[in-house]
Structure formats: structure tokens, C-alpha cells
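The next block holds one structure in the form of C-alpha cells; read it before the comments.
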Amino acid sequence: MVQRYKKQGASDPARAAEAATGESCCSLDELLEPRLFRALSDPNRLTLLSRLATSPRPRTVGELDSCCPIDLSVVSRHLAVLRDAGVVTAEKRGRQVFYSVCCQPLASLLRGVAQALEDCAANRCSRETKEEVTT
């Protein structure tokens, strides 16, 4: 699921021009998905994500409820938010649903965001240096 948030490249000529001139951080715009960052913004969801990421196998809601001081139904809703954002996968086996983290896609996405931020900062510094030289 996280794959849909991966950098798609600047196929739009206007975006490519903006990226080349440094007027916009094109790849950053494509990577900053509000639903993902909303999913990662809650402390309980981060705790669930951490528990799942360090688990040697997928876990059920019942196995995860002890990690947070919230009701089982709230744990289930938090997992649904993480699933809808593409952070975790859910696999139904009989009457139980097993959750696991989409580790590689999530790590790639976060690396992409970090790289895009660094690129934007470099473009901004480059523009500021050019402006100082011309004034």
C-alpha cells in the first residue's frame, strides 16, 4: 500500500521546470501524503507501529492491546488508520486479523522524504547564495 506514495518523478513539464529552477520542491510535494503523517502523528499509533516493527511475526489486536493504555476497540481503530495509510498490512485468518508493518516500503518512503528535504534545503541555499552575489 505504501507504494502509491513513492516518488513518481517529475513527468509534468511545469513541475520539472519548477524543480529545475528551485521554485518548488517537486518530489517533496509528491511524498508528503497527509494521511500517512496523520497516521504517524498519534503516540499510541507510534507505539503500535514500534511493537509491530520489532515483533518477529504478525500480531492480532488482542496481542497488541497491552502496549497502550487504551481499550481494545481503540487499538483496532488505530490499526485501521495505520492500515488505511499503508503503514501496516492486515491479513484475515479465520476470525482473527493479523497485522504487520510494511517495513521496506515505509523505510523507502521516509528516506525519500528526507532526501527531498535535503534537496529543497540545498536548492534554497543555492538560491540565497546567488541572490547575495547579485546584490
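In the C-alpha cells, chains take the letters A, B, ... in the order shown, each chain's residues start at 1, and ligands count up from 1 in the order shown.
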
Test item: residues at most 8 Å from region 59-64 of chain A, only C-alpha atoms, excluding those fewer than 4 positions along its chain, as a list of chain:residue names: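 So the residues in contact are A:Leu48, A:Arg51, A:Leu52, A:Ser55, A:Cys68, A:Leu72, A:Val75, A:Ser76, A:Gln96, A:Val97, A:Phe98, A:Tyr99, A:Ser100.
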
Hey, what's within 8 Å of Leu82 (chain A) if we count only C-alpha atoms and toss same-chain stuff fewer than 6 positions away? As a compact mmCIF listing (two decimals) with C-alpha atoms, in the first residue's frame, please?
# COMPACT_ATOMS: atom_id res chain seq x y z
CA LEU A 36 0.43 8.99 6.23
CA ALA A 39 -1.39 8.10 10.92
CA LEU A 40 2.08 8.65 12.37
CA ARG A 45 -0.21 4.56 16.87
CA VAL A 88 0.65 -1.84 8.10

Find the residues around Arg83 (chain A) up to 10 Å (only C-alpha atoms counted), leave out those fewer than 3 positions away in its own chain, and share them as a PDB file with C-alpha atoms, in the first residue's frame.
ATOM      1  CA  MET A   1       0.000   0.000   0.000  1.00  0.00           C
ATOM      2  CA  VAL A   2       2.795   2.425   0.761  1.00  0.00           C
ATOM      3  CA  LEU A  36       0.435   8.995   6.231  1.00  0.00           C
ATOM      4  CA  ALA A  39      -1.391   8.104  10.920  1.00  0.00           C
ATOM      5  CA  ARG A  77      -9.311   1.755  15.202  1.00  0.00           C
ATOM      6  CA  HIS A  78      -5.681   2.876  15.447  1.00  0.00           C
ATOM      7  CA  LEU A  79      -4.600  -0.170  13.453  1.00  0.00           C
ATOM      8  CA  ALA A  80      -7.254   0.655  10.836  1.00  0.00           C
ATOM      9  CA  GLY A  86      -0.399   1.924   4.028  1.00  0.00           C
ATOM     10  CA  VAL A  87       1.848   1.629   7.079  1.00  0.00           C
ATOM     11  CA  VAL A  88       0.654  -1.838   8.100  1.00  0.00           C
ATOM     12  CA  THR A  89      -0.979  -4.755   6.359  1.00  0.00           C
ATOM     13  CA  ALA A  90      -3.877  -6.770   7.691  1.00  0.00           C
ATOM     14  CA  TYR A  99      -1.162  -7.053  11.433  1.00  0.00           C
ATOM     15  CA  SER A 100       2.396  -6.466  10.300  1.00  0.00           C
ATOM     16  CA  VAL A 101       4.440  -3.438   9.274  1.00  0.00           C
ATOM     17  CA  CYS A 102       5.235  -2.687   5.633  1.00  0.00           C
TER      18      CYS A 102
END

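Comparing the minimum interatomic distances between Ala85 (chain A) and each of A:Glu30, A:Pro105, A:Cys67, A:Glu118, counting only C-alpha atoms, we find that A:Pro105 sits nearest.
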
Pick from A:Leu117, A:Ala122, A:Arg93, A:Ile70 nearest to Pro43 (chain A), counting only C-alpha atoms: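 Under the stated criterion, the closest residue is A:Ile70.
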